[in-house]
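Peer 1: Just one file: data.tsv, with TSV, C-alpha atoms.
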```tsv
chain	number	residue	atom	x	y	z
A	257	MET	CA	-127.92	-19.95	241.06
A	258	LYS	CA	-124.63	-19.83	239.28
A	259	THR	CA	-125.02	-16.12	238.84
A	260	PHE	CA	-125.72	-15.79	242.56
A	261	VAL	CA	-122.63	-17.78	243.40
A	262	LYS	CA	-120.61	-15.86	240.92
A	263	LYS	CA	-121.55	-12.52	242.40
A	264	ALA	CA	-122.59	-12.96	246.00
A	265	VAL	CA	-119.98	-15.35	247.28
A	266	PRO	CA	-116.93	-13.30	246.20
A	267	VAL	CA	-118.49	-10.17	247.64
A	268	MET	CA	-119.26	-11.88	250.94
A	269	LEU	CA	-115.90	-13.50	250.98
A	270	VAL	CA	-114.00	-10.28	250.42
A	271	GLY	CA	-116.17	-8.48	252.92
A	272	SER	CA	-115.61	-11.11	255.57
A	273	LEU	CA	-111.87	-11.21	254.98
A	274	LEU	CA	-111.44	-7.47	255.04
A	275	ALA	CA	-113.57	-7.13	258.14
A	276	GLY	CA	-111.69	-9.89	259.90
A	277	CYS	CA	-108.30	-8.76	258.77
A	278	VAL	CA	-107.61	-5.83	261.07
A	279	SER	CA	-103.87	-6.04	261.04
A	280	ASN	CA	-101.64	-3.73	263.04
A	281	GLN	CA	-104.59	-2.40	265.00
A	282	PRO	CA	-104.44	-2.86	268.73
A	283	MET	CA	-107.59	-4.49	270.03
A	284	ASN	CA	-107.40	-2.70	273.32
A	285	ASP	CA	-108.65	0.84	272.89
A	286	THR	CA	-106.96	2.05	276.02
A	287	ASP	CA	-103.51	0.98	274.88
A	288	ASP	CA	-102.17	2.37	271.63
A	289	SER	CA	-98.66	0.98	272.06
A	290	GLY	CA	-99.57	-2.62	271.51
A	291	GLY	CA	-102.38	-5.09	271.53
A	292	SER	CA	-103.74	-6.72	274.63
A	293	PRO	CA	-102.56	-10.35	274.57
A	294	GLN	CA	-105.98	-11.55	275.77
A	295	SER	CA	-107.82	-9.60	273.08
A	296	ASP	CA	-105.41	-10.77	270.43
A	297	THR	CA	-105.82	-14.37	271.58
A	298	ASP	CA	-109.60	-14.11	271.26
A	299	ARG	CA	-109.25	-12.33	267.97
A	300	THR	CA	-106.90	-14.97	266.60
A	301	LYS	CA	-109.23	-17.79	267.61
A	302	THR	CA	-112.24	-15.99	266.16
A	303	GLU	CA	-110.47	-15.16	262.94
A	304	GLY	CA	-109.23	-18.74	262.69
A	305	ALA	CA	-112.82	-19.95	263.01
A	306	VAL	CA	-114.05	-17.40	260.45
A	307	PHE	CA	-111.32	-18.23	257.97
A	308	GLY	CA	-111.90	-21.92	258.53
A	309	ALA	CA	-115.63	-21.50	257.96
A	310	ILE	CA	-115.11	-19.53	254.75
A	311	LEU	CA	-112.50	-21.90	253.41
A	312	GLY	CA	-114.52	-24.92	254.44
A	313	GLY	CA	-117.62	-23.41	252.89
A	314	LEU	CA	-115.81	-22.68	249.65
A	315	ILE	CA	-114.29	-26.12	249.51
A	316	GLY	CA	-117.70	-27.65	250.27
A	317	LEU	CA	-119.22	-25.48	247.62
A	318	ALA	CA	-116.52	-26.42	245.16
A	319	ALA	CA	-117.01	-30.07	245.93
A	320	GLY	CA	-120.83	-30.09	246.06
A	321	ASP	CA	-123.84	-27.88	246.58
A	322	LYS	CA	-125.20	-25.53	249.25
A	323	GLN	CA	-125.49	-28.26	251.78
A	324	GLY	CA	-121.90	-29.20	251.13
A	325	ALA	CA	-120.96	-25.61	251.59
A	326	ALA	CA	-122.79	-25.47	254.93
A	327	ILE	CA	-121.14	-28.64	256.16
A	328	GLY	CA	-117.80	-27.42	254.89
A	329	ALA	CA	-118.29	-24.13	256.66
A	330	LEU	CA	-119.19	-25.85	259.93
A	331	VAL	CA	-116.29	-28.26	259.84
A	332	GLY	CA	-113.99	-25.48	258.63
A	333	ALA	CA	-115.06	-23.28	261.54
A	334	GLY	CA	-114.19	-26.01	264.02
A	335	VAL	CA	-110.86	-26.76	262.43
A	336	GLY	CA	-110.17	-23.04	262.01
A	337	TYR	CA	-110.90	-22.45	265.68
A	338	ALA	CA	-108.53	-25.25	266.65
A	339	VAL	CA	-105.84	-23.89	264.37
A	340	GLY	CA	-106.53	-20.38	265.63
A	341	SER	CA	-106.17	-21.59	269.23
A	342	GLU	CA	-102.83	-23.21	268.45
A	343	VAL	CA	-101.63	-20.07	266.64
A	344	ALA	CA	-102.82	-17.94	269.56
A	345	LYS	CA	-101.04	-20.22	272.02
A	346	ARG	CA	-97.76	-20.01	270.11
A	347	LYS	CA	-98.10	-16.26	269.71
A	348	GLN	CA	-98.63	-16.02	273.46
A	349	GLU	CA	-95.49	-18.10	274.06
A	350	TYR	CA	-93.46	-15.83	271.81
A	351	ALA	CA	-94.96	-12.76	273.46
A	352	THR	CA	-94.09	-14.13	276.93
A	353	THR	CA	-90.54	-14.94	275.81
A	354	GLU	CA	-90.19	-11.46	274.37
A	355	GLU	CA	-91.48	-9.88	277.56
A	356	PHE	CA	-89.00	-11.87	279.61
A	357	LEU	CA	-86.15	-10.93	277.27
A	358	ASP	CA	-87.23	-7.28	277.18
A	359	ALA	CA	-87.29	-7.20	280.96
A	360	GLU	CA	-83.83	-8.80	281.12
A	361	ILE	CA	-82.52	-6.36	278.52
A	362	ALA	CA	-83.91	-3.41	280.45
A	363	ARG	CA	-82.49	-4.73	283.73
A	364	THR	CA	-79.06	-5.41	282.23
A	365	ALA	CA	-78.99	-2.05	280.44
A	366	GLU	CA	-79.87	-0.32	283.70
A	367	PHE	CA	-77.13	-2.20	285.52
A	368	ASN	CA	-74.65	-1.17	282.82
A	369	ASP	CA	-75.70	2.46	283.03
A	370	THR	CA	-75.34	2.39	286.81
A	371	ALA	CA	-71.94	0.71	286.51
A	372	ARG	CA	-70.76	3.34	284.01
A	373	ALA	CA	-71.86	6.13	286.32
A	374	HIS	CA	-70.12	4.39	289.22
A	375	HIS	CA	-66.93	4.09	287.15
A	376	GLU	CA	-67.09	7.76	286.30
A	377	ARG	CA	-67.30	8.58	290.02
A	378	LEU	CA	-64.45	6.19	290.83
A	379	ARG	CA	-62.23	7.72	288.16
A	380	LYS	CA	-62.89	11.20	289.52
A	381	GLU	CA	-62.14	10.03	293.06
A	382	ILE	CA	-58.89	8.45	291.89
A	383	VAL	CA	-57.86	11.71	290.21
A	384	VAL	CA	-58.57	13.60	293.45
A	385	LEU	CA	-56.59	11.05	295.48
A	386	ASP	CA	-53.65	11.34	293.06
A	387	LYS	CA	-53.75	15.11	293.33
A	388	GLU	CA	-53.80	15.01	297.13
A	389	THR	CA	-50.97	12.49	297.20
A	390	LYS	CA	-48.81	14.66	294.93
A	391	ALA	CA	-49.46	17.70	297.11
A	392	LEU	CA	-48.50	15.73	300.21
A	393	GLN	CA	-45.35	14.41	298.52
A	394	SER	CA	-44.39	17.97	297.64
A	395	LYS	CA	-44.95	19.09	301.24
A	396	TYR	CA	-42.95	16.13	302.46
A	397	ARG	CA	-40.01	17.07	300.22
A	398	ALA	CA	-40.13	20.64	301.52
A	399	GLY	CA	-40.35	19.38	305.10
A	400	LYS	CA	-37.44	17.07	304.53
A	401	ALA	CA	-35.34	19.97	303.24
A	402	ASN	CA	-36.27	21.95	306.32
A	403	LYS	CA	-35.34	19.02	308.50
A	404	ALA	CA	-31.99	18.73	306.71
A	405	GLN	CA	-31.28	22.40	307.43
A	406	LEU	CA	-32.14	21.89	311.06
A	407	ALA	CA	-29.93	18.83	311.19
A	408	ALA	CA	-27.07	20.90	309.75
A	409	LYS	CA	-27.58	23.45	312.48
A	410	LYS	CA	-27.54	20.67	314.99
A	411	SER	CA	-24.22	19.48	313.62
A	412	GLN	CA	-22.81	22.96	313.97
A	413	LEU	CA	-23.93	23.06	317.57
A	414	GLU	CA	-22.39	19.69	318.19
A	415	GLU	CA	-19.10	20.95	316.83
A	416	LYS	CA	-19.30	23.98	319.02
A	417	LEU	CA	-20.05	21.76	321.98
A	418	ALA	CA	-17.02	19.63	321.24
A	419	LYS	CA	-14.85	22.75	321.09
A	420	ASN	CA	-16.23	23.93	324.43
A	421	ASN	CA	-15.39	20.58	325.94
A	422	GLU	CA	-11.91	20.75	324.54
A	423	PHE	CA	-11.48	24.28	325.85
A	424	GLU	CA	-12.75	23.22	329.24
A	425	GLU	CA	-10.05	20.58	329.42
A	426	THR	CA	-7.45	23.19	328.55
A	427	LEU	CA	-8.76	25.48	331.25
A	428	GLN	CA	-8.77	22.64	333.71
A	429	LYS	CA	-5.10	21.98	332.97
A	430	GLU	CA	-4.25	25.64	333.31
A	431	TYR	CA	-6.12	25.73	336.58
A	432	GLU	CA	-4.03	22.85	337.83
A	433	ILE	CA	-0.84	24.61	336.76
A	434	ASN	CA	-1.98	27.80	338.50
A	435	SER	CA	-2.75	25.83	341.61
A	436	GLU	CA	0.80	24.42	341.56
A	437	ILE	CA	2.24	27.90	341.10
A	438	LEU	CA	0.17	29.14	344.03
A	439	ALA	CA	1.45	26.29	346.16
A	440	GLU	CA	5.00	27.33	345.29
A	441	GLU	CA	4.21	30.98	346.07
A	442	ARG	CA	2.86	30.02	349.48
A	443	LYS	CA	6.25	28.62	350.36
A	444	VAL	CA	8.03	31.91	349.65
A	445	ARG	CA	5.35	34.39	350.77
A	446	LYS	CA	3.74	35.05	354.14
A	447	ALA	CA	0.45	33.40	354.93
A	448	GLN	CA	-1.35	36.79	355.22
A	449	ASP	CA	0.15	38.17	352.03
A	450	PRO	CA	-2.72	40.10	350.36
A	451	TYR	CA	-1.41	39.29	346.89
A	452	LEU	CA	-1.44	35.60	347.70
A	453	SER	CA	-4.93	35.85	349.18
A	454	LYS	CA	-6.14	37.62	346.06
A	455	LEU	CA	-4.60	34.95	343.82
A	456	GLU	CA	-6.15	32.19	345.91
A	457	LYS	CA	-9.53	33.82	345.67
A	458	GLU	CA	-9.15	34.26	341.91
A	459	ASN	CA	-8.14	30.66	341.54
A	460	GLY	CA	-11.13	29.54	343.66
A	461	ASP	CA	-13.50	31.56	341.48
A	462	LEU	CA	-11.90	30.07	338.43
A	463	ARG	CA	-12.50	26.61	339.77
A	464	VAL	CA	-16.17	27.43	340.36
A	465	GLN	CA	-16.43	28.71	336.79
A	466	ILE	CA	-14.82	25.59	335.40
A	467	GLU	CA	-17.32	23.53	337.34
A	468	GLN	CA	-20.12	25.65	335.95
A	469	LEU	CA	-18.74	25.20	332.46
A	470	ARG	CA	-18.67	21.44	332.95
A	471	LYS	CA	-22.25	21.48	334.11
A	472	ASP	CA	-23.23	23.56	331.05
A	473	SER	CA	-21.49	21.13	328.77
A	474	GLU	CA	-23.31	18.25	330.38
A	475	GLN	CA	-26.61	20.06	329.97
A	476	ILE	CA	-25.89	20.77	326.32
A	477	ALA	CA	-24.94	17.14	325.83
A	478	GLN	CA	-28.27	16.10	327.34
A	479	ILE	CA	-30.15	18.47	325.07
A	480	ASN	CA	-28.21	17.15	322.12
A	481	GLU	CA	-29.09	13.63	323.13
A	482	ARG	CA	-32.77	14.50	323.17
A	483	LEU	CA	-32.41	16.15	319.78
A	484	SER	CA	-31.51	12.88	318.10
A	485	VAL	CA	-34.68	12.59	315.97
B	732	MET	CA	-116.30	-25.47	238.50
B	733	ASN	CA	-113.64	-23.11	237.22
B	734	MET	CA	-115.44	-20.22	238.82
B	735	LYS	CA	-115.41	-21.97	242.20
B	736	LEU	CA	-111.71	-22.61	241.89
B	737	VAL	CA	-111.16	-18.97	241.08
B	738	LEU	CA	-113.09	-18.05	244.21
B	739	VAL	CA	-110.98	-20.33	246.40
B	740	LEU	CA	-107.74	-19.04	244.92
B	741	GLY	CA	-108.99	-15.48	245.05
B	742	SER	CA	-109.85	-15.70	248.71
B	743	ALA	CA	-106.47	-17.25	249.43
B	744	CYS	CA	-104.82	-14.34	247.63
B	745	LEU	CA	-106.88	-11.86	249.63
B	746	VAL	CA	-105.88	-13.49	252.87
B	747	SER	CA	-102.23	-13.42	251.95
B	748	ALA	CA	-102.51	-9.80	250.82
B	749	CYS	CA	-103.68	-8.61	254.24
B	750	ALA	CA	-101.24	-6.26	255.95
B	751	THR	CA	-99.54	-8.17	258.73
B	752	THR	CA	-97.41	-7.39	261.78
B	753	ASP	CA	-94.55	-9.41	263.23
B	754	ASP	CA	-95.52	-8.52	266.80
B	755	PRO	CA	-96.97	-11.64	268.44
B	756	ARG	CA	-99.07	-9.46	270.76
B	757	GLU	CA	-101.18	-8.24	267.87
B	758	GLY	CA	-102.20	-8.94	264.29
B	759	GLY	CA	-104.70	-11.73	264.89
B	760	PHE	CA	-104.83	-14.99	263.01
B	761	VAL	CA	-103.32	-13.97	259.66
B	762	SER	CA	-100.34	-12.22	261.21
B	763	GLY	CA	-99.95	-15.18	263.57
B	764	VAL	CA	-99.81	-17.69	260.76
B	765	GLN	CA	-97.45	-15.46	258.81
B	766	GLY	CA	-95.24	-14.77	261.84
B	767	LEU	CA	-94.98	-18.45	262.70
B	768	SER	CA	-94.47	-19.72	259.16
B	769	SER	CA	-92.00	-17.03	258.06
B	770	GLY	CA	-89.97	-17.25	261.26
B	771	ALA	CA	-90.57	-13.56	261.99
B	772	TYR	CA	-91.44	-14.28	265.62
B	773	GLU	CA	-88.39	-16.47	265.96
B	774	ARG	CA	-86.23	-13.69	264.50
B	775	ARG	CA	-87.60	-11.16	266.97
B	776	VAL	CA	-86.76	-13.49	269.84
B	777	ARG	CA	-83.31	-14.16	268.40
B	778	ASP	CA	-82.66	-10.42	267.98
B	779	ARG	CA	-83.56	-9.90	271.60
B	780	GLU	CA	-81.40	-12.80	272.71
B	781	ASP	CA	-78.48	-11.41	270.72
B	782	ASN	CA	-79.06	-7.98	272.19
B	783	LEU	CA	-79.20	-9.44	275.69
B	784	ALA	CA	-76.03	-11.45	275.07
B	785	ARG	CA	-74.24	-8.27	273.95
B	786	LEU	CA	-75.46	-6.38	276.99
B	787	ARG	CA	-74.39	-9.21	279.29
B	788	ALA	CA	-70.94	-9.25	277.71
B	789	VAL	CA	-70.72	-5.51	278.35
B	790	GLN	CA	-71.96	-6.15	281.87
B	791	ASP	CA	-69.16	-8.67	282.46
B	792	ASP	CA	-66.59	-6.19	281.14
B	793	LEU	CA	-68.01	-3.49	283.36
B	794	LYS	CA	-67.88	-5.79	286.39
B	795	GLN	CA	-64.21	-6.47	285.72
B	796	GLU	CA	-63.61	-2.77	285.27
B	797	THR	CA	-65.34	-2.09	288.57
B	798	THR	CA	-63.05	-4.56	290.31
B	799	GLY	CA	-60.01	-2.92	288.72
B	800	LEU	CA	-61.12	0.59	289.58
B	801	ASP	CA	-61.98	-0.38	293.15
B	802	ALA	CA	-58.52	-1.90	293.54
B	803	GLN	CA	-56.93	1.21	292.04
B	804	LYS	CA	-58.84	3.48	294.36
B	805	GLN	CA	-57.95	1.35	297.37
B	806	GLN	CA	-54.28	1.39	296.39
B	807	ARG	CA	-54.31	5.17	295.89
B	808	GLN	CA	-56.07	5.66	299.21
B	809	LYS	CA	-53.42	3.52	300.90
B	810	LEU	CA	-50.68	5.60	299.29
B	811	LEU	CA	-52.36	8.80	300.40
B	812	ASP	CA	-52.72	7.51	303.96
B	813	GLU	CA	-49.05	6.55	303.95
B	814	GLU	CA	-48.02	10.00	302.69
B	815	GLN	CA	-50.20	11.65	305.33
B	816	ARG	CA	-48.63	9.50	308.03
B	817	LYS	CA	-45.10	10.27	306.79
B	818	LEU	CA	-45.78	13.99	306.58
B	819	ALA	CA	-47.36	14.09	310.03
B	820	SER	CA	-44.35	12.28	311.45
B	821	LEU	CA	-41.96	14.61	309.64
B	822	ASN	CA	-43.82	17.69	310.80
B	823	LYS	CA	-43.72	16.41	314.34
B	824	ASP	CA	-39.96	15.80	314.09
B	825	VAL	CA	-39.31	19.21	312.55
B	826	LYS	CA	-41.37	20.96	315.20
B	827	ALA	CA	-39.54	19.17	317.98
B	828	LEU	CA	-36.21	19.85	316.32
B	829	GLU	CA	-36.95	23.55	315.96
B	830	LYS	CA	-37.99	23.81	319.58
B	831	LYS	CA	-34.98	21.97	320.88
B	832	LEU	CA	-32.58	23.76	318.59
B	833	ALA	CA	-33.84	27.05	319.97
B	834	ALA	CA	-33.17	25.80	323.49
B	835	LEU	CA	-29.78	24.48	322.48
B	836	SER	CA	-28.79	27.74	320.80
B	837	LYS	CA	-29.74	29.60	323.93
B	838	GLU	CA	-27.67	27.27	326.08
B	839	GLN	CA	-24.89	27.44	323.58
B	840	GLY	CA	-24.84	31.23	323.73
B	841	THR	CA	-24.66	31.16	327.49
B	842	SER	CA	-21.95	28.57	327.39
B	843	ASP	CA	-19.91	30.57	324.87
B	844	LYS	CA	-20.21	33.64	327.07
B	845	ARG	CA	-19.05	31.73	330.14
B	846	VAL	CA	-16.14	30.18	328.29
B	847	ALA	CA	-15.05	33.56	327.01
B	848	GLU	CA	-15.32	35.07	330.48
B	849	LEU	CA	-13.48	32.18	331.98
B	850	ASP	CA	-10.74	32.43	329.41
B	851	LYS	CA	-10.38	36.11	330.11
B	852	ARG	CA	-10.16	35.61	333.86
B	853	LEU	CA	-7.65	32.82	333.46
B	854	ARG	CA	-5.46	35.00	331.28
B	855	GLU	CA	-5.66	37.80	333.82
B	856	LEU	CA	-4.74	35.40	336.57
B	857	LYS	CA	-1.82	34.08	334.58
B	858	GLY	CA	-0.70	37.62	333.93
B	859	GLN	CA	-0.69	38.37	337.62
B	860	LEU	CA	1.37	35.33	338.53
```
What do you get writing this file as structure tokens?

Peer 2:
Amino acid sequence: MKTFVKKAVPVMLVGSLLAGCVSNQPMNDTDDSGGSPQSDTDRTKTEGAVFGAILGGLIGLAAGDKQGAAIGALVGAGVGYAVGSEVAKRKQEYATTEEFLDAEIARTAEFNDTARAHHERLRKEIVVLDKETKALQSKYRAGKANKAQLAAKKSQLEEKLAKNNEFEETLQKEYEINSEILAEERKVRKAQDPYLSKLEKENGDLRVQIEQLRKDSEQIAQINERLSV
Amino acid sequence: MNMKLVLVLGSACLVSACATTDDPREGGFVSGVQGLSSGAYERRVRDREDNLARLRAVQDDLKQETTGLDAQKQQRQKLLDEEQRKLASLNKDVKALEKKLAALSKEQGTSDKRVAELDKRLRELKGQL
């Protein structure tokens, strides 16, 4: 019997342990990336029961005889199953926590990637806006220079207008003097004197022209008024 | 008795010698016991929590950056709109100025001609008197 125990039990024990210990092998054949939690839970419980039975059996055997070994194996299987269930439960909790964290990590990483891409777009848009603004500022400077030139021209015209007004006043005075001279001439010459008639006509035309000039000046002044940008 | 003890110890050694995994989704009972007792599962969770905390810190930074960039873009857009408005106004002024200056020059030319003619006639009249 001792010989049997010496030889058979170790062989059975090693065989059972090696068969039960299928580490790193997913239990779900359809999924190579990881084990199915349900399969692993069952496996853990089963292995717990098997280990418990073996350990219980060995302890029973160590403490007594075959019967002791059988009782030890039975009790060990029950305890092993209970321990296995607890281990499986905790493994499941860790697995669930990991899944939650992995999902959060993936979601946050995706958000960050999207944000980075958005920033890249924003930076490009800002560069384009800066470029457009600079171009507009350049055009504005050129336009302002053009406007300054036009304003200078306007000033020149205003000066000219002022001179015309001044000249008009001079002409007006001369016209008045001529009119006085004509009045004097009428006293010494006959009423039908052709020279006098000619002078009177000339003076009348001159008056019309002065009036026209005044009207022109007024018109120019109005235009100038409208030009005040 | 010694032989039995050897068997118990031997089996314990065999169990502990089994290749294990720290993934709680697999590995069965032995890996489970090892993962729980060694803290390997806890470490995996902690690593993930640390990773998530880092990513969330980056996320916060990125959110702040987004706010800053949005504000920058808005400010640049406002500046551009202002420049467009200024330029449009300037162009309108210049166009009007050019048009009216052309009219003024024309009037000016006519006026100059009349003044010159008038001056000439007045001189002639004065010469005759």

Peer 1: Go through A:Ala373, A:Lys443, A:Arg299, A:Asp461 and flag the residue nearest chain B, using only C-alpha atoms for the distances.

Peer 2: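 The shortest atom-to-atom distance to chain B comes from A:Arg299.
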
Peer 1: Can you pull out the residues contacting stretch 377-382 of chain A? Cut-off 7 Å, using all atoms listed in the file, and skip same-chain residues under 5 positions away; I want them as an NGL selection string.

Peer 2: :B and (800 or 804 or 807)

Peer 1: Could those selected residues go to a file with C-alpha atoms, as a PDB file, keeping the file's coordinate frame?

Peer 2:
```pdb
ATOM      1  CA  LEU B 800     -61.120   0.590 289.580  1.00  0.00           C
ATOM      2  CA  LYS B 804     -58.840   3.480 294.360  1.00  0.00           C
ATOM      3  CA  ARG B 807     -54.310   5.170 295.890  1.00  0.00           C
TER       4      ARG B 807
END
```

Peer 1: Name the residues within 12 Å of (-84.5, -12.7, 267.7), counting all atoms listed in the file in the file's coordinates, and put them as number ranges by chain.

Peer 2: A: 350-351, 353-354, 357-358; B: 753-754, 770-784

Peer 1: Leaving out stretch 787-794 of chain B and any residue of its chain fewer than 2 positions from it, which residues lie within 8 Å of it when counting all atoms listed in the file, given as a list of chain:residue names?

Peer 2: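 Answer for this query is A:Thr364, A:Phe367, A:Asn368, A:Ala371, A:Arg372, B:Leu783, B:Ala784, B:Arg785, B:Glu796, B:Thr797, B:Thr798.
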
Peer 1: Given the choices A:Gly316, A:Gly304, A:Gly332, A:Gly324, which gets closest to chain B if the distance is worked out from all atoms listed in the file?

Peer 2: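 Residue with the minimum atom-to-atom distance to chain B: A:Gly304.
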
Peer 1: Find, counting all atoms listed in the file, the residue in B:Gln765, B:Gln803, B:Gln795, B:Ser842 that gets nearest to A:Ile466.

Peer 2: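 When distances to A:Ile466 are compared using all atoms listed in the file, the smallest one comes from B:Ser842.
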
Peer 1: Which value, in Å to one decimal, gives the distance between atom CA of A:Val331 and atom CA of A:Gly313?

Peer 2: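 That distance, rounded to one decimal, is 8.6 Å.
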
Peer 1: What's the separation between atom CA of B:Glu829 and atom CA of A:Leu413, in Å to one decimal place?

Peer 2: 13.1 Å

Peer 1: Got a sec: who's within 9 Å of A:Leu438, counting only C-alpha atoms, leaving out chain neighbours fewer than 6 positions off, as a PyMOL selection string?

Peer 2: (chain A and resi 452+455-456+459) or (chain B and resi 860)
